[in-house]
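Asker: What follows is a single structure, and I will ask about it in a moment.
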Amino acid sequence: MTSRLNPYLSFNGNARQAMEFYAGVFGGNLSLSTFAEFGAKDSPDAERIMHGMLETNAGYTIMGADITGDMEYHPMAGCSVSLSGDDGDALRGCWEKLSASGTTTMPLQKQVWGDEFGMCVDEFGVSWLVDIAQPQA
């Protein structure tokens, strides 16, 4: 297996909802495992997600998990997930779904460098950068 770099997102009890949301945005195969499935059946965290992984048909892999109740949750800061390419229709569709229930910090629009670019924070607090490159002739 070759090495891969994947975002691994942390959530505070809503990883299941977030990962299901991303499956709705990107499609693909989602697998979710709870703490109970890994031996913590009597834990207050039993139904929280210990590990989630979405593998999309486009080749993206997004991972995520809940923190445990005894950990301090720190929302994502100082980092964004970047989504880019030249399939404008697909990327605009992702943008619409990611930004619909979140906050747009920069509208998706044509930029001075020629690409369409926008920034948003989805309903789960994850910051996204979407860049649609102009098709190469």
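By convention in this document, the chains of the structure tokens carry letters A, B, ... by their order, each chain's residues are numbered from 1, and ligands are numbered from 1 in the order they are shown.
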Would you mind listing what lies within 12 Å of A:Gly88 as a list of chain:residue names, with only C-alpha atoms counted and same-chain residues fewer than 2 positions away left out?
Answerer: A:Leu83, A:Ser84, A:Gly85, A:Asp86, A:Ala90, A:Leu91, A:Arg92, A:Gly93, A:Cys94, A:Trp95, A:Glu96, A:Leu108, A:Gln109, A:Lys110, A:Asp115, A:Glu116, A:Phe117, A:Val130, A:Asp131, A:Ile132, A:Ala133, A:Gln134, A:Pro135
Asker: Excluding A:Leu54 and any residue of its chain fewer than 4 positions from it, enumerate the residues within 8 Å of it, using only C-alpha atoms, and give them as a list in words.
Answerer: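 Neighbouring residues, sequence-local ones excluded: Met19, Tyr22, Ala23, Gly28, Asn29, Leu30, Ser31, Tyr60, Thr61, Ile62 and Met63 of chain A.
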Asker: Can you spit out the residues from that selection as a short mmCIF file (atom, residue, chain, number, x, y, z; two decimals), in the first residue's frame, using N, CA and C atoms?
Answerer:
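Once written, result09.cif looks like this:
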```
data_model
loop_
_atom_site.label_atom_id
_atom_site.label_comp_id
_atom_site.auth_asym_id
_atom_site.auth_seq_id
_atom_site.Cartn_x
_atom_site.Cartn_y
_atom_site.Cartn_z
N MET A 19 -20.11 12.32 9.68
CA MET A 19 -19.62 11.40 8.66
C MET A 19 -20.75 10.99 7.70
N TYR A 22 -21.03 13.88 5.30
CA TYR A 22 -19.99 13.85 4.27
C TYR A 22 -20.26 12.75 3.24
N ALA A 23 -20.82 11.63 3.67
CA ALA A 23 -21.20 10.58 2.72
C ALA A 23 -22.28 11.12 1.77
N GLY A 28 -19.87 7.42 -1.79
CA GLY A 28 -18.84 6.47 -1.42
C GLY A 28 -19.27 5.51 -0.34
N ASN A 29 -18.30 4.84 0.25
CA ASN A 29 -18.54 3.83 1.27
C ASN A 29 -18.12 4.37 2.63
N LEU A 30 -19.06 4.35 3.57
CA LEU A 30 -18.83 4.83 4.92
C LEU A 30 -18.80 3.65 5.88
N SER A 31 -17.79 3.58 6.70
CA SER A 31 -17.75 2.59 7.78
C SER A 31 -17.60 3.33 9.10
N TYR A 60 -11.23 10.28 -2.60
CA TYR A 60 -11.02 10.97 -1.33
C TYR A 60 -11.21 9.98 -0.18
N THR A 61 -10.47 10.18 0.87
CA THR A 61 -10.70 9.45 2.11
C THR A 61 -10.79 10.49 3.22
N ILE A 62 -11.88 10.45 3.96
CA ILE A 62 -12.08 11.32 5.11
C ILE A 62 -12.29 10.42 6.31
N MET A 63 -11.53 10.67 7.36
CA MET A 63 -11.69 9.90 8.59
C MET A 63 -12.16 10.83 9.69
#
```
Asker: Just the number, please: distance in Å from atom CA of A:Pro107 to atom CA of A:Val81, one decimal.
Answerer: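 Taking atom CA of A:Pro107 and atom CA of A:Val81, their separation equals 16.2 Å.
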Asker: Which one is closest to A:Leu98: A:Arg4, A:Phe124, A:Ala15, A:Asn57? Count only C-alpha atoms.
Answerer: A:Phe124
Asker: Between A:Gly118, A:Val126, A:Val25, A:Asp42, which is the closest to A:Gly64 once you count only C-alpha atoms?
Answerer: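 When distances to A:Gly64 are compared using only C-alpha atoms, the smallest one comes from A:Val126.
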Asker: Based on the backbone DSSP call, show me all residues of chain A assigned strand (DSSP E or B), as number ranges by chain.
Answerer: A: 8-11, 29-34, 49-55, 61-66, 81-85, 103-110, 116-121, 127-132
Asker: Would you list the contacts of A:Ser43 as a list in words, taking every protein, DNA or RNA residue within 12 Å and counting only C-alpha atoms, but skipping same-chain residues closer than 6 positions in sequence?
Answerer: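 Residues meeting the cut-off are Thr34, Phe35, Ala36, Glu37, Thr68, Gly69 and Asp70 of chain A.
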Asker: Residues of the last selection are to be written out with all heavy atoms, as a CSV table (one decimal), in the first residue's frame.
Answerer:
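The result, written out as again_22.csv:
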```csv
chain,number,residue,atom,x,y,z
A,34,THR,N,-18.1,2.0,16.8
A,34,THR,CA,-18.3,2.6,18.0
A,34,THR,C,-17.3,2.1,19.1
A,34,THR,O,-16.7,1.0,18.9
A,34,THR,CB,-19.7,2.4,18.6
A,34,THR,OG1,-19.9,0.9,18.8
A,34,THR,CG2,-20.8,2.8,17.6
A,35,PHE,N,-17.2,2.8,20.2
A,35,PHE,CA,-16.4,2.3,21.3
A,35,PHE,C,-16.9,1.0,21.8
A,35,PHE,O,-16.1,0.2,22.2
A,35,PHE,CB,-16.3,3.4,22.4
A,35,PHE,CG,-15.4,4.6,22.0
A,35,PHE,CD1,-15.9,5.7,21.5
A,35,PHE,CD2,-14.0,4.5,22.2
A,35,PHE,CE1,-15.1,6.8,21.1
A,35,PHE,CE2,-13.2,5.6,21.9
A,35,PHE,CZ,-13.7,6.7,21.3
A,36,ALA,N,-18.2,0.8,21.8
A,36,ALA,CA,-18.8,-0.5,22.3
A,36,ALA,C,-18.3,-1.6,21.5
A,36,ALA,O,-18.0,-2.7,22.0
A,36,ALA,CB,-20.3,-0.4,22.3
A,37,GLU,N,-18.1,-1.4,20.2
A,37,GLU,CA,-17.7,-2.5,19.3
A,37,GLU,C,-16.2,-2.9,19.6
A,37,GLU,O,-15.8,-4.0,19.2
A,37,GLU,CB,-17.8,-2.1,17.8
A,37,GLU,CG,-19.3,-2.0,17.4
A,37,GLU,CD,-19.4,-1.4,16.0
A,37,GLU,OE1,-19.4,-0.2,15.9
A,37,GLU,OE2,-19.5,-2.2,15.0
A,68,THR,N,-13.6,11.1,23.6
A,68,THR,CA,-14.3,10.5,24.8
A,68,THR,C,-14.7,11.6,25.7
A,68,THR,O,-14.2,12.7,25.7
A,68,THR,CB,-13.4,9.4,25.5
A,68,THR,OG1,-12.2,10.1,25.9
A,68,THR,CG2,-13.0,8.3,24.5
A,69,GLY,N,-15.7,11.2,26.6
A,69,GLY,CA,-16.2,12.2,27.5
A,69,GLY,C,-15.2,12.7,28.5
A,69,GLY,O,-15.4,13.8,29.1
A,70,ASP,N,-14.1,12.0,28.7
A,70,ASP,CA,-13.1,12.5,29.7
A,70,ASP,C,-12.0,13.4,29.0
A,70,ASP,O,-11.1,13.9,29.7
A,70,ASP,CB,-12.4,11.4,30.4
A,70,ASP,CG,-11.7,10.4,29.5
A,70,ASP,OD1,-11.9,10.5,28.3
A,70,ASP,OD2,-11.0,9.6,30.0
```
Asker: Calculate how many Å separate atom CA of A:Leu32 from atom CA of A:Pro44, rounding to one decimal.
Answerer: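 Distance between the two atoms: 17.8 Å.
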Asker: Find, counting only C-alpha atoms, the residue in A:Ala65, A:Ala40, A:Val112, A:Met119 that gets nearest to A:Ser80.
Answerer: A:Met119
Asker: Looking at only C-alpha atoms, which of A:Met106, A:Ala77, A:Ala100, A:Ala46 is the one that sits closest to A:Ser10?
Answerer: A:Ala77
Asker: In Å, how far is it from atom CA of A:Thr105 to atom CA of A:Cys120?
Answerer: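 Answer for the atom CA of A:Thr105 to atom CA of A:Cys120 separation: 5.1 Å.
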Asker: Measuring atom to atom with only C-alpha atoms, identify which of A:Gly27, A:Thr2, A:Ser82, A:Gly102 is nearest to A:Thr56.
Answerer: A:Gly27
Asker: When you count only C-alpha atoms, which of these residues is closest to A:Glu20: A:Met53, A:Asn6, A:Glu47, A:Gln136?
Answerer: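 Closest to A:Glu20, using only C-alpha atoms: A:Met53.
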